[in-house]
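Below is input.cif, holding mmCIF, C-alpha atoms.
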```cif
data_start
loop_
_atom_site.label_atom_id
_atom_site.label_comp_id
_atom_site.auth_asym_id
_atom_site.auth_seq_id
_atom_site.Cartn_x
_atom_site.Cartn_y
_atom_site.Cartn_z
CA MET A 232 2.49 -13.49 21.08
CA THR A 233 -1.05 -14.58 22.00
CA GLU A 234 -1.67 -17.98 20.42
CA PHE A 235 -4.78 -20.13 20.27
CA TRP A 236 -5.52 -23.50 18.70
CA LEU A 237 -8.74 -24.18 16.86
CA ILE A 238 -9.15 -27.95 16.56
CA SER A 239 -11.85 -30.50 15.85
CA ALA A 240 -12.26 -34.16 16.69
CA PRO A 241 -14.91 -36.65 15.60
CA GLY A 242 -17.89 -37.16 17.88
CA GLU A 243 -17.90 -40.21 20.11
CA LYS A 244 -21.45 -41.45 20.69
CA THR A 245 -22.21 -37.76 21.09
CA CYS A 246 -20.18 -34.61 20.51
CA GLN A 247 -20.53 -33.85 24.21
CA GLN A 248 -18.51 -36.96 25.01
CA THR A 249 -15.74 -35.70 22.72
CA TRP A 250 -15.78 -32.41 24.59
CA ASP A 251 -15.77 -34.09 28.02
CA LYS A 252 -12.86 -36.28 27.02
CA LEU A 253 -10.78 -33.24 25.98
CA MET A 254 -11.64 -31.41 29.20
CA VAL A 255 -10.56 -34.34 31.36
CA ALA A 256 -7.26 -34.67 29.47
CA THR A 257 -6.33 -30.99 29.39
CA THR A 258 -7.90 -29.22 32.37
CA ARG A 259 -9.31 -31.42 35.09
CA THR A 260 -6.14 -33.36 35.87
CA ASN A 261 -3.65 -30.63 34.91
CA ASN A 262 -3.53 -27.06 33.63
CA LEU A 263 -2.61 -27.43 29.99
CA SER A 264 -5.16 -25.12 28.38
CA ALA A 265 -8.36 -23.12 28.78
CA ASN A 266 -10.97 -24.56 26.43
CA ASN A 267 -14.19 -23.38 24.83
CA LYS A 268 -16.59 -25.00 22.41
CA PHE A 269 -16.54 -23.49 18.95
CA ASN A 270 -20.04 -23.82 17.57
CA ILE A 271 -20.47 -24.39 13.84
CA PRO A 272 -23.99 -24.75 12.41
CA ASP A 273 -25.18 -27.58 10.13
CA LEU A 274 -23.84 -26.38 6.79
CA LYS A 275 -24.59 -27.89 3.38
CA VAL A 276 -21.91 -30.47 2.62
CA GLY A 277 -22.07 -30.74 -1.19
CA THR A 278 -19.97 -33.21 -3.15
CA LEU A 279 -16.54 -34.56 -2.31
CA ASP A 280 -14.99 -32.86 -5.37
CA VAL A 281 -16.40 -29.50 -4.28
CA LEU A 282 -15.04 -29.98 -0.75
CA VAL A 283 -11.55 -30.84 -1.98
CA GLY A 284 -11.43 -27.79 -4.26
CA LEU A 285 -12.94 -25.57 -1.60
CA SER A 286 -10.31 -26.63 0.93
CA ASP A 287 -7.56 -24.99 -1.18
CA GLU A 288 -9.68 -21.92 -1.98
CA LEU A 289 -10.51 -21.37 1.70
CA ALA A 290 -6.83 -21.54 2.64
CA LYS A 291 -6.11 -18.70 0.19
CA LEU A 292 -9.18 -16.76 1.31
CA ASP A 293 -8.12 -17.20 4.95
CA THR A 294 -4.75 -15.59 4.18
CA PHE A 295 -6.37 -12.76 2.21
CA VAL A 296 -8.97 -11.88 4.86
CA GLU A 297 -6.38 -12.04 7.64
CA GLY A 298 -4.27 -9.65 5.57
CA VAL A 299 -7.20 -7.23 5.28
CA VAL A 300 -7.73 -7.40 9.05
CA LYS A 301 -4.05 -6.62 9.63
CA LYS A 302 -4.06 -3.72 7.16
CA VAL A 303 -7.08 -2.13 8.83
CA ALA A 304 -5.44 -2.60 12.25
CA GLN A 305 -2.12 -1.16 11.11
CA TYR A 306 -3.77 1.83 9.47
CA MET A 307 -5.71 2.51 12.67
CA ALA A 308 -2.33 2.79 14.41
CA ASP A 309 -1.03 5.11 11.68
CA VAL A 310 -4.08 7.37 11.93
CA LEU A 311 -3.96 7.59 15.73
CA GLU A 312 -0.31 8.74 15.50
CA ASP A 313 0.70 9.91 19.00
CA SER A 314 -2.26 8.09 20.59
CA ARG A 315 -1.10 4.60 19.70
CA ASP A 316 -1.80 3.51 23.26
CA LYS A 317 -5.48 3.77 22.26
CA VAL A 318 -5.10 1.34 19.36
CA GLN A 319 -6.03 -1.85 21.19
CA GLU A 320 -9.25 -0.47 22.62
CA ASN A 321 -10.30 0.60 19.13
CA LEU A 322 -9.64 -2.82 17.60
CA LEU A 323 -12.57 -4.77 18.98
CA ALA A 324 -14.66 -7.28 17.08
CA ASN A 325 -18.28 -6.92 18.14
CA GLY A 326 -17.15 -4.72 21.02
CA ASP A 327 -20.28 -4.78 23.21
CA ILE A 328 -20.27 -8.58 23.38
CA MET A 329 -16.52 -8.75 23.88
CA LYS A 330 -16.65 -6.61 27.00
CA LYS A 331 -18.66 -9.34 28.70
CA LYS A 332 -15.47 -11.41 28.97
CA PRO A 333 -12.98 -9.02 30.60
CA GLN A 334 -10.81 -11.89 31.86
CA PHE A 335 -9.29 -12.37 28.41
CA LYS A 336 -6.15 -10.34 27.83
CA CYS A 337 -6.72 -10.67 24.08
CA LEU A 338 -10.18 -9.17 23.72
CA ARG A 339 -10.35 -10.28 20.10
CA LEU A 340 -10.30 -13.89 21.30
CA VAL A 341 -13.69 -13.22 22.88
CA ALA A 342 -15.13 -12.96 19.38
CA PHE A 343 -13.97 -16.57 18.86
CA VAL A 344 -15.18 -17.76 22.26
CA LEU A 345 -18.62 -16.22 21.82
CA PHE A 346 -18.78 -16.96 18.11
CA GLN A 347 -22.24 -17.38 16.68
CA TRP A 348 -22.78 -17.90 12.98
CA ASP A 349 -24.33 -14.83 11.37
CA MET A 350 -27.34 -16.34 9.63
CA ALA A 351 -28.37 -13.02 8.06
CA LYS A 352 -25.05 -12.35 6.32
CA TYR A 353 -24.12 -15.94 5.56
CA PRO A 354 -27.33 -18.03 5.13
CA ILE A 355 -26.57 -21.68 5.86
CA LYS A 356 -29.04 -22.76 3.19
CA GLN A 357 -26.50 -21.42 0.68
CA SER A 358 -23.75 -23.72 -0.56
CA LEU A 359 -20.34 -23.56 1.07
CA LYS A 360 -18.99 -22.13 -2.19
CA ASN A 361 -21.54 -19.31 -2.17
CA ILE A 362 -20.84 -18.47 1.46
CA SER A 363 -17.10 -18.26 0.78
CA GLU A 364 -17.78 -15.97 -2.21
CA ILE A 365 -19.94 -13.68 -0.04
CA ILE A 366 -17.09 -13.37 2.45
CA SER A 367 -14.55 -12.83 -0.33
CA LYS A 368 -16.61 -9.99 -1.85
CA GLN A 369 -17.09 -8.39 1.57
CA ALA A 370 -13.36 -8.52 2.38
CA SER A 371 -12.44 -7.21 -1.08
CA GLN A 372 -14.83 -4.29 -0.65
CA ILE A 373 -13.27 -3.40 2.71
CA ASP A 374 -9.80 -3.69 1.19
CA ASN A 375 -10.69 -1.42 -1.76
CA ASP A 376 -12.44 1.12 0.48
CA LEU A 377 -9.42 1.18 2.80
CA LYS A 378 -7.08 1.93 -0.12
CA ALA A 379 -9.28 4.81 -1.30
CA ARG A 380 -9.78 6.32 2.16
CA ALA A 381 -6.13 5.89 3.11
CA SER A 382 -4.97 7.53 -0.13
CA ALA A 383 -7.21 10.58 0.39
CA TYR A 384 -6.28 10.99 4.06
CA ASN A 385 -2.56 10.40 3.44
CA ASN A 386 -2.51 13.04 0.70
CA LEU A 387 -4.15 15.54 3.02
CA LYS A 388 -1.83 14.63 5.87
CA GLY A 389 1.24 14.79 3.59
CA ASN A 390 0.34 18.24 2.26
CA LEU A 391 -0.16 19.52 5.79
CA GLN A 392 3.15 18.03 6.95
CA ASN A 393 4.97 19.66 4.03
CA LEU A 394 3.62 23.08 5.04
CA GLU A 395 4.43 22.42 8.69
CA ARG A 396 8.00 21.46 7.77
CA LYS A 397 8.36 24.76 5.94
CA ASN A 398 7.58 26.53 9.20
CA ALA A 399 9.97 24.43 11.27
CA GLY A 400 13.63 23.50 11.14
CA SER A 401 16.65 25.75 11.00
CA LEU A 402 16.68 29.34 9.78
CA LEU A 403 18.65 28.18 6.73
CA THR A 404 15.65 26.29 5.31
CA ARG A 405 12.41 27.16 7.11
CA SER A 406 9.77 29.56 5.85
CA LEU A 407 10.32 33.08 7.10
CA ALA A 408 6.72 34.19 6.62
CA GLU A 409 5.80 33.57 10.25
CA ILE A 410 8.90 35.40 11.52
CA VAL A 411 9.09 38.72 9.68
CA ARG A 412 6.73 41.70 9.74
CA LYS A 413 5.93 44.39 7.23
CA GLU A 414 7.77 47.05 9.22
CA ASP A 415 11.03 45.04 8.96
CA PHE A 416 11.32 45.94 5.27
CA VAL A 417 11.87 48.95 3.04
CA LEU A 418 9.09 48.43 0.51
CA ASP A 419 8.18 50.09 -2.80
CA SER A 420 11.59 51.77 -3.15
CA GLU A 421 13.17 52.14 -6.57
CA TYR A 422 16.69 52.14 -5.14
CA LEU A 423 16.73 50.42 -1.73
CA ILE A 424 16.06 46.79 -0.74
CA THR A 425 16.03 44.93 2.56
CA MET A 426 17.94 41.62 2.66
CA LEU A 427 17.62 38.83 5.25
CA VAL A 428 20.81 37.16 6.41
CA VAL A 429 21.29 34.05 8.60
CA VAL A 430 24.28 34.51 10.92
CA PRO A 431 25.68 31.78 13.22
CA LYS A 432 25.53 32.82 16.86
CA THR A 433 29.29 32.52 17.02
CA GLY A 434 29.52 35.09 14.23
CA TYR A 435 27.34 37.87 15.70
CA VAL A 436 30.33 40.05 16.57
CA ASP A 437 31.88 39.60 13.12
CA TRP A 438 28.57 40.46 11.49
CA GLN A 439 28.22 43.71 13.39
CA LYS A 440 31.81 44.64 12.53
CA THR A 441 31.71 43.79 8.82
CA TYR A 442 28.18 43.97 7.37
CA GLU A 443 28.51 47.66 6.35
CA THR A 444 31.66 46.88 4.38
CA LEU A 445 30.58 43.67 2.64
CA ALA A 446 29.61 45.80 -0.37
CA GLU A 447 29.36 49.37 -1.38
CA MET A 448 26.17 51.27 -0.65
CA VAL A 449 25.08 49.30 2.44
CA VAL A 450 22.99 51.62 4.63
CA PRO A 451 24.91 52.24 7.88
CA ARG A 452 23.38 50.97 11.14
CA SER A 453 20.54 49.34 9.18
CA THR A 454 20.91 45.82 10.56
CA LYS A 455 18.46 44.43 13.07
CA LEU A 456 18.13 41.01 14.76
CA LEU A 457 14.64 39.72 13.90
CA PHE A 458 14.67 36.15 15.22
CA GLU A 459 16.91 33.53 16.86
CA ASP A 460 16.90 29.75 17.05
CA ASN A 461 19.38 27.51 18.87
CA ASP A 462 22.15 27.97 16.30
CA SER A 463 21.62 31.16 14.35
CA GLY A 464 20.04 34.57 14.16
CA LEU A 465 18.11 36.22 11.33
CA PHE A 466 19.30 39.75 10.62
CA SER A 467 17.86 42.35 8.26
CA VAL A 468 20.06 44.78 6.40
CA THR A 469 19.23 47.52 3.89
CA LEU A 470 21.33 48.37 0.84
CA PHE A 471 21.06 49.74 -2.67
CA ARG A 472 19.66 47.30 -5.22
CA LYS A 473 22.72 47.60 -7.50
CA ALA A 474 24.92 46.22 -4.69
CA VAL A 475 22.91 43.03 -4.08
CA ASP A 476 25.04 40.59 -6.10
CA ASP A 477 28.30 41.84 -4.60
CA PHE A 478 26.81 41.74 -1.11
CA LYS A 479 25.67 38.12 -1.53
CA HIS A 480 29.12 37.06 -2.75
CA LYS A 481 31.00 38.73 0.11
CA ALA A 482 28.47 37.46 2.68
CA ARG A 483 29.00 33.90 1.50
CA GLU A 484 32.79 34.32 1.82
CA ASN A 485 32.27 35.37 5.44
CA LYS A 486 29.93 32.39 6.15
CA PHE A 487 26.79 34.53 6.32
CA THR A 488 23.83 33.08 4.39
CA VAL A 489 21.55 35.44 2.48
CA ARG A 490 17.99 34.10 2.28
CA ASP A 491 16.14 34.87 -0.96
CA PHE A 492 12.92 36.36 0.34
CA GLN A 493 10.47 38.90 -0.97
CA TYR A 494 7.83 40.27 1.30
CA ASN A 495 4.46 39.53 -0.32
CA GLU A 496 1.52 39.94 2.01
CA GLU A 497 -0.96 38.19 -0.29
CA GLU A 498 1.20 35.08 -0.73
CA MET A 499 1.89 34.87 3.00
CA LYS A 500 -1.81 35.17 3.75
CA ALA A 501 -2.61 32.47 1.20
CA ASP A 502 -0.08 30.08 2.81
CA LYS A 503 -1.59 30.64 6.26
CA GLU A 504 -5.09 30.08 4.94
CA GLU A 505 -4.00 26.88 3.19
CA MET A 506 -2.48 25.51 6.38
CA THR A 507 -5.61 26.39 8.34
CA ARG A 508 -7.77 24.72 5.69
CA LEU A 509 -5.69 21.54 5.62
CA SER A 510 -5.59 21.35 9.42
CA THR A 511 -9.36 21.81 9.61
CA ASP A 512 -9.99 19.21 6.89
CA LYS A 513 -7.75 16.71 8.68
CA LYS A 514 -9.66 17.17 11.94
CA LYS A 515 -12.98 16.80 10.10
CA GLN A 516 -11.87 13.57 8.42
CA PHE A 517 -10.19 12.06 11.49
CA GLY A 518 -13.33 11.15 13.45
CA PRO A 519 -15.28 9.56 10.58
CA LEU A 520 -12.15 7.69 9.44
CA VAL A 521 -11.50 6.22 12.91
CA ARG A 522 -15.17 5.17 13.14
CA TRP A 523 -14.96 3.55 9.70
CA LEU A 524 -11.80 1.68 10.73
CA LYS A 525 -13.42 0.47 13.96
CA VAL A 526 -16.53 -0.78 12.20
CA ASN A 527 -14.69 -2.42 9.33
CA PHE A 528 -12.05 -3.98 11.57
CA SER A 529 -14.91 -5.68 13.38
CA GLU A 530 -16.56 -6.68 10.08
CA ALA A 531 -13.33 -8.07 8.63
CA PHE A 532 -12.39 -9.86 11.85
CA ILE A 533 -15.79 -11.54 12.18
CA ALA A 534 -15.64 -12.53 8.50
CA TRP A 535 -12.24 -14.06 9.26
CA ILE A 536 -13.75 -16.13 12.08
CA HIS A 537 -16.41 -17.41 9.67
CA ILE A 538 -13.61 -18.43 7.28
CA LYS A 539 -12.00 -20.39 10.13
CA ALA A 540 -15.36 -22.04 10.83
CA LEU A 541 -15.74 -22.97 7.15
CA ARG A 542 -12.23 -24.43 7.07
CA VAL A 543 -12.83 -26.49 10.19
CA PHE A 544 -16.13 -27.76 8.77
CA VAL A 545 -14.71 -28.67 5.34
CA GLU A 546 -11.55 -30.25 6.73
CA SER A 547 -13.50 -32.20 9.38
CA VAL A 548 -15.84 -33.67 6.78
CA LEU A 549 -12.88 -34.59 4.56
CA ARG A 550 -11.00 -36.11 7.49
CA TYR A 551 -13.77 -37.80 9.44
CA GLY A 552 -16.31 -38.54 6.71
CA LEU A 553 -20.12 -38.54 6.70
CA PRO A 554 -22.50 -38.16 8.40
CA VAL A 555 -21.22 -34.86 9.81
CA ASN A 556 -20.25 -35.60 13.40
CA PHE A 557 -17.44 -33.61 15.01
CA GLN A 558 -16.81 -31.17 17.84
CA ALA A 559 -14.86 -27.97 17.15
CA MET A 560 -12.93 -26.61 20.14
CA LEU A 561 -10.89 -23.49 20.87
CA LEU A 562 -7.86 -24.01 23.11
CA GLN A 563 -5.81 -21.34 24.83
CA PRO A 564 -2.55 -23.19 25.63
CA ASN A 565 -0.72 -22.58 28.85
CA LYS A 566 2.59 -21.25 27.52
CA LYS A 567 4.62 -23.29 29.99
CA ASN A 568 2.89 -26.53 29.01
CA MET A 569 2.50 -26.22 25.23
CA LYS A 570 4.72 -29.20 24.48
CA LYS A 571 2.87 -31.34 27.02
CA LEU A 572 -0.49 -30.24 25.59
CA ARG A 573 0.64 -31.27 22.11
CA GLU A 574 1.61 -34.71 23.45
CA VAL A 575 -1.72 -35.15 25.23
CA LEU A 576 -3.64 -34.21 22.08
CA TYR A 577 -1.53 -36.65 20.11
CA ASP A 578 -2.35 -39.46 22.54
CA LEU A 579 -6.05 -38.59 22.38
CA TYR A 580 -6.31 -38.51 18.59
CA LYS A 581 -3.42 -40.53 17.08
CA HIS A 582 -5.88 -43.30 16.19
CA LEU A 583 -7.51 -40.95 13.65
CA ASP A 584 -4.64 -41.25 11.18
CA SER A 585 -2.88 -44.53 10.46
CA SER A 586 0.20 -42.71 9.17
CA ALA A 587 0.37 -40.65 12.34
CA ALA A 588 0.49 -43.82 14.42
CA ILE A 589 3.95 -44.43 13.04
CA ILE A 590 5.17 -40.99 14.16
CA ASP A 591 5.27 -40.12 17.81
CA ALA A 592 4.99 -36.35 18.32
CA SER A 593 7.65 -36.51 21.03
CA MET A 594 10.16 -38.36 18.82
CA ASP A 595 13.11 -36.45 17.39
CA ILE A 596 13.31 -37.62 13.78
CA PRO A 597 15.97 -35.97 11.58
CA GLY A 598 14.47 -34.04 8.69
CA LEU A 599 10.94 -34.09 10.13
CA ASN A 600 9.65 -31.14 12.13
CA LEU A 601 6.01 -31.69 13.02
CA SER A 602 5.58 -28.31 14.64
CA GLN A 603 6.90 -26.66 11.49
CA GLN A 604 4.69 -28.74 9.18
CA GLU A 605 1.75 -28.26 11.56
CA TYR A 606 0.04 -31.42 10.42
CA TYR A 607 -1.71 -33.49 13.06
CA PRO A 608 -4.20 -36.37 13.00
CA TYR A 609 -6.88 -33.97 14.23
CA VAL A 610 -8.00 -30.83 12.41
CA TYR A 611 -5.86 -27.95 13.63
CA TYR A 612 -5.50 -24.23 12.92
CA LYS A 613 -3.32 -21.83 14.87
CA ILE A 614 -4.74 -18.38 15.54
CA ASP A 615 -2.50 -15.42 16.30
CA CYS A 616 -4.48 -12.59 17.88
CA ASN A 617 -1.50 -10.25 17.85
CA LEU A 618 -2.55 -8.53 14.63
CA LEU A 619 -0.16 -5.58 14.88
CA ASP A 620 3.45 -5.53 13.75
CA PHE A 621 4.40 -3.24 16.61
CA LYS A 622 4.01 -3.09 20.37
CA VAL A 623 1.96 -0.30 21.90
#
```

Can you give me the file's structure in the form of structure tokens?
Amino acid sequence: MTEFWLISAPGEKTCQQTWDKLMVATTRTNNLSANNKFNIPDLKVGTLDVLVGLSDELAKLDTFVEGVVKKVAQYMADVLEDSRDKVQENLLANGDIMKKKPQFKCLRLVAFVLFQWDMAKYPIKQSLKNISEIISKQASQIDNDLKARASAYNNLKGNLQNLERKNAGSLLTRSLAEIVRKEDFVLDSEYLITMLVVVPKTGYVDWQKTYETLAEMVVPRSTKLLFEDNDSGLFSVTLFRKAVDDFKHKARENKFTVRDFQYNEEEMKADKEEMTRLSTDKKKQFGPLVRWLKVNFSEAFIAWIHIKALRVFVESVLRYGLPVNFQAMLLQPNKKNMKKLREVLYDLYKHLDSSAAIIDASMDIPGLNLSQQEYYPYVYYKIDCNLLDFKV
């Protein structure tokens, strides 16, 4: 799992000093994390009551927007089917910019590293409440559009798969339209009919010995092997219509399976045309759908980053007070040193919370799991860039 920590700490005399202090503690004397500034513009603060209410609303919106991002990502994988190895390269947020930072294994992190507030979509002169509502409406629209597009494409794909299944599988169940030809049948006869029988390969000899005697009025030497799969063969046999029921009964007793099939050229042609139409429609819809998923993954992901920025801003003002003076920072922990990094951050910022001063992050206190509660004296949000539930 690729994990990143988005934190903020109050500015010292300047926010740059806060940044320098973090860098000294985490990178210059050791290798605990790779750090980047996370730039948040001067947003409108509003009242304390609004900030408190907005804090809860943003937490819910964060979960919702992340869910939309994951759904778009997962559906991209479903649509690509056998090309799932192409999923990651199609899930880029602001792809052109992201490619400027090829050193990051998680390209989506680049969108965080190079984050710039989108002034056009989310004007900072608007209230925090209004900005969150803009993002909520945008994410809801993407979610609703995804449901509609996925439903239409899945129906098309399902209908095509049903037809394909009819033309695959064993001779006992598959469609025979692609196997038989007109000349295999006695057609337009008042008295005679051609039957199709599935015979196990181990029963070929028995079939040849017994088919003429399974019922009266079976035409001698009329059987012919039309098709074979791994287990069975499809044989034709001609007999008088009045003997059909008796023939079916005796065939079943001898473990030969009569397939109910009537040769109808128009129906067979219609089935082929329907499969061709569905296959063509699927190909036509595939490209535009993948492009829509790429674009809207990027849109949803960037909206999600703005939600994170709003949460950091609101929580920092609530924690550190006014005037607004904090530095937001994105940390990529060194997996081997995550515990040490947590301890260093605790030492740096434990003075921010009087209750935290009582609790040492390295202490083992029964019933209290700080990592599980994920509450720290500094503002902290964990970001998981592994947005897929599967490995490609």

- Message: Measuring between only C-alpha atoms, which one of A:Val526, A:Leu520, A:Ile366, A:Leu274 shows the shortest distance to Glu297 (chain A)?
- Response: A:Ile366

- Shell of 10 Å around Asn527 (chain A), all atoms listed in the file, local chain residues under 2 positions omitted, as a VMD selection string: chain A and resid 299 to 300 303 to 304 322 324 370 373 to 374 376 to 377 521 to 525 529 to 533

- Query: Mind pulling up the distance from CA of Leu561 (chain A) to CA of Arg542 (chain A)?
  - Reply: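 CA of Leu561 (chain A) lies 13.9 Å from CA of Arg542 (chain A).
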
At most 12 Å is the cut-off: for each residue in region 467-586 of chain A with any atom that close to an atom of region 277-283 of chain A, write down the nearest atom pair and the distance in Å rounded to one decimal, counting all atoms listed in the file, chain first then increasing number, as a Markdown table.
```
| residue | atom | partner | partner_atom | distance |
| --- | --- | --- | --- | --- |
| A:Leu541 | CA | A:Leu282 | CA | 10.6 |
| A:Arg542 | CA | A:Leu282 | CA | 10.0 |
| A:Val543 | CA | A:Leu282 | CA | 11.7 |
| A:Phe544 | CA | A:Leu282 | CA | 9.8 |
| A:Val545 | CA | A:Leu282 | CA | 6.2 |
| A:Glu546 | CA | A:Leu282 | CA | 8.3 |
| A:Ser547 | CA | A:Leu282 | CA | 10.5 |
| A:Val548 | CA | A:Leu282 | CA | 8.4 |
| A:Leu549 | CA | A:Leu282 | CA | 7.4 |
| A:Arg550 | CA | A:Val283 | CA | 10.9 |
| A:Gly552 | CA | A:Leu279 | CA | 9.9 |
| A:Leu553 | CA | A:Leu279 | CA | 10.5 |
| A:Val555 | CA | A:Gly277 | CA | 11.8 |
```

- Task: Determine the residue set returned by the PyMOL selection byres ((chain A and resi 564) around 10) for the present structure, and present it as a PyMOL selection string.
- Result: chain A and resi 233-236+257+262-266+561-563+565-573

- Item | Hits from the PyMOL selection byres ((chain A and resi 486) around 10), listed as number ranges by chain | A: 429-431, 434, 438, 481-485, 487-489

- Query: Skipping near chain neighbours, those fewer than 6 positions away, what residues fall within 6 Å of Leu423 (chain A) using only C-alpha atoms, listed as number ranges by chain?
  - Reply: A: 470-472

- Task: Would you mind telling me which residue in A:Val276, A:Leu387, A:Val468, A:Ala534 lies nearest to Glu443 (chain A) when using all atoms listed in the file?
- Result: A:Val468

- Message: Evaluated on this file, the PyMOL selection byres ((chain A and resi 611) around 10) picks out some residues - which ones are they, written as a ChimeraX atom specification?
- Response: /A:236-240,542-543,546-547,559-561,605-610,612-614

- Pick from A:Lys368, A:Glu320, A:Met426, A:Trp535, whichever lies nearest to Lys455 (chain A) using only C-alpha atoms: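 Nearest candidate to Lys455 (chain A) out of A:Lys368, A:Glu320, A:Met426, A:Trp535: A:Met426.
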
- Item | Nearest candidate to Phe528 (chain A) (options A:Gln305, A:Ser314, A:Thr454, A:Ser286; using all atoms listed in the file) | A:Gln305

Residues within 12 Å of Ile365 (chain A), please, as a compact mmCIF listing (two decimals) with C-alpha atoms, in the frame of the given file. Count only C-alpha atoms; anything in the same chain fewer than 6 positions from it doesn't count.
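Written file, result16.txt:
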```txt
# COMPACT_ATOMS: atom_id res chain seq x y z
CA LEU A 292 -9.18 -16.76 1.31
CA ALA A 351 -28.37 -13.02 8.06
CA LYS A 352 -25.05 -12.35 6.32
CA TYR A 353 -24.12 -15.94 5.56
CA PRO A 354 -27.33 -18.03 5.13
CA ILE A 355 -26.57 -21.68 5.86
CA GLN A 357 -26.50 -21.42 0.68
CA SER A 358 -23.75 -23.72 -0.56
CA LEU A 359 -20.34 -23.56 1.07
CA SER A 371 -12.44 -7.21 -1.08
CA GLN A 372 -14.83 -4.29 -0.65
CA ALA A 534 -15.64 -12.53 8.50
CA HIS A 537 -16.41 -17.41 9.67
CA ILE A 538 -13.61 -18.43 7.28
```

Go ahead and fit an axis-aligned box to every listed atom of region 439-446 of chain A plus 5 Å each side, and pass me the centre and edge lengths in Å, one decimal, as AutoDock Vina command-line options.
```
--center_x 30.0 --center_y 45.7 --center_z 6.5 --size_x 13.6 --size_y 14.0 --size_z 23.8
```

- Query: If you measure from CA of Ser382 (chain A) to CA of Asp615 (chain A), what distance in Å do you get, rounded to one decimal?
  - Reply: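 Taking CA of Ser382 (chain A) as the start and CA of Asp615 (chain A) as the end point, the length is 28.3 Å.
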
- Which residue of A:Leu427, A:Val318, A:Leu253, A:Cys246 approaches Leu576 (chain A) most closely, using all atoms listed in the file: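 The answer is A:Leu253, which sits nearest to Leu576 (chain A).
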
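The spacing separating CA of Lys356 (chain A) from CA of Asn267 (chain A) amounts to 26.3 Å.
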
- Message: Can you pull out the residues contacting Tyr384 (chain A)? Cut-off 9 Å, using all atoms listed in the file, and skip same-chain residues under 5 positions away; I want them as a list in words.
- Response: Val310, Ala379, Gly389, Lys513, Gln516, Phe517 and Leu520 of chain A

Mind rebuilding region 530-540 of chain A with N, CA, C and O atoms and writing that out as a PDB file, keeping the file's coordinate frame?
```
ATOM      1  N   GLU A 530     -15.954  -5.923  11.181  1.00  0.00           N
ATOM      2  CA  GLU A 530     -16.560  -6.680  10.080  1.00  0.00           C
ATOM      3  C   GLU A 530     -15.559  -7.672   9.487  1.00  0.00           C
ATOM      4  O   GLU A 530     -15.903  -8.836   9.247  1.00  0.00           O
ATOM      5  N   ALA A 531     -14.336  -7.201   9.238  1.00  0.00           N
ATOM      6  CA  ALA A 531     -13.330  -8.070   8.630  1.00  0.00           C
ATOM      7  C   ALA A 531     -12.923  -9.191   9.585  1.00  0.00           C
ATOM      8  O   ALA A 531     -12.732 -10.343   9.171  1.00  0.00           O
ATOM      9  N   PHE A 532     -12.806  -8.859  10.869  1.00  0.00           N
ATOM     10  CA  PHE A 532     -12.390  -9.860  11.850  1.00  0.00           C
ATOM     11  C   PHE A 532     -13.442 -10.952  11.985  1.00  0.00           C
ATOM     12  O   PHE A 532     -13.126 -12.147  12.013  1.00  0.00           O
ATOM     13  N   ILE A 533     -14.709 -10.547  12.046  1.00  0.00           N
ATOM     14  CA  ILE A 533     -15.790 -11.540  12.180  1.00  0.00           C
ATOM     15  C   ILE A 533     -15.882 -12.375  10.909  1.00  0.00           C
ATOM     16  O   ILE A 533     -16.138 -13.593  10.968  1.00  0.00           O
ATOM     17  N   ALA A 534     -15.670 -11.757   9.747  1.00  0.00           N
ATOM     18  CA  ALA A 534     -15.640 -12.530   8.500  1.00  0.00           C
ATOM     19  C   ALA A 534     -14.508 -13.553   8.545  1.00  0.00           C
ATOM     20  O   ALA A 534     -14.659 -14.691   8.068  1.00  0.00           O
ATOM     21  N   TRP A 535     -13.390 -13.147   9.127  1.00  0.00           N
ATOM     22  CA  TRP A 535     -12.240 -14.060   9.260  1.00  0.00           C
ATOM     23  C   TRP A 535     -12.595 -15.263  10.141  1.00  0.00           C
ATOM     24  O   TRP A 535     -12.215 -16.398   9.846  1.00  0.00           O
ATOM     25  N   ILE A 536     -13.340 -15.022  11.218  1.00  0.00           N
ATOM     26  CA  ILE A 536     -13.750 -16.130  12.080  1.00  0.00           C
ATOM     27  C   ILE A 536     -14.649 -17.097  11.296  1.00  0.00           C
ATOM     28  O   ILE A 536     -14.535 -18.323  11.431  1.00  0.00           O
ATOM     29  N   HIS A 537     -15.540 -16.539  10.479  1.00  0.00           N
ATOM     30  CA  HIS A 537     -16.410 -17.410   9.670  1.00  0.00           C
ATOM     31  C   HIS A 537     -15.585 -18.243   8.681  1.00  0.00           C
ATOM     32  O   HIS A 537     -15.930 -19.403   8.408  1.00  0.00           O
ATOM     33  N   ILE A 538     -14.506 -17.652   8.155  1.00  0.00           N
ATOM     34  CA  ILE A 538     -13.610 -18.430   7.280  1.00  0.00           C
ATOM     35  C   ILE A 538     -13.005 -19.592   8.066  1.00  0.00           C
ATOM     36  O   ILE A 538     -12.921 -20.722   7.568  1.00  0.00           O
ATOM     37  N   LYS A 539     -12.560 -19.320   9.295  1.00  0.00           N
ATOM     38  CA  LYS A 539     -12.000 -20.390  10.130  1.00  0.00           C
ATOM     39  C   LYS A 539     -13.041 -21.486  10.357  1.00  0.00           C
ATOM     40  O   LYS A 539     -12.732 -22.683  10.291  1.00  0.00           O
ATOM     41  N   ALA A 540     -14.287 -21.063  10.611  1.00  0.00           N
ATOM     42  CA  ALA A 540     -15.360 -22.040  10.830  1.00  0.00           C
ATOM     43  C   ALA A 540     -15.579 -22.885   9.570  1.00  0.00           C
ATOM     44  O   ALA A 540     -15.749 -24.117   9.647  1.00  0.00           O
TER      45      ALA A 540
END
```
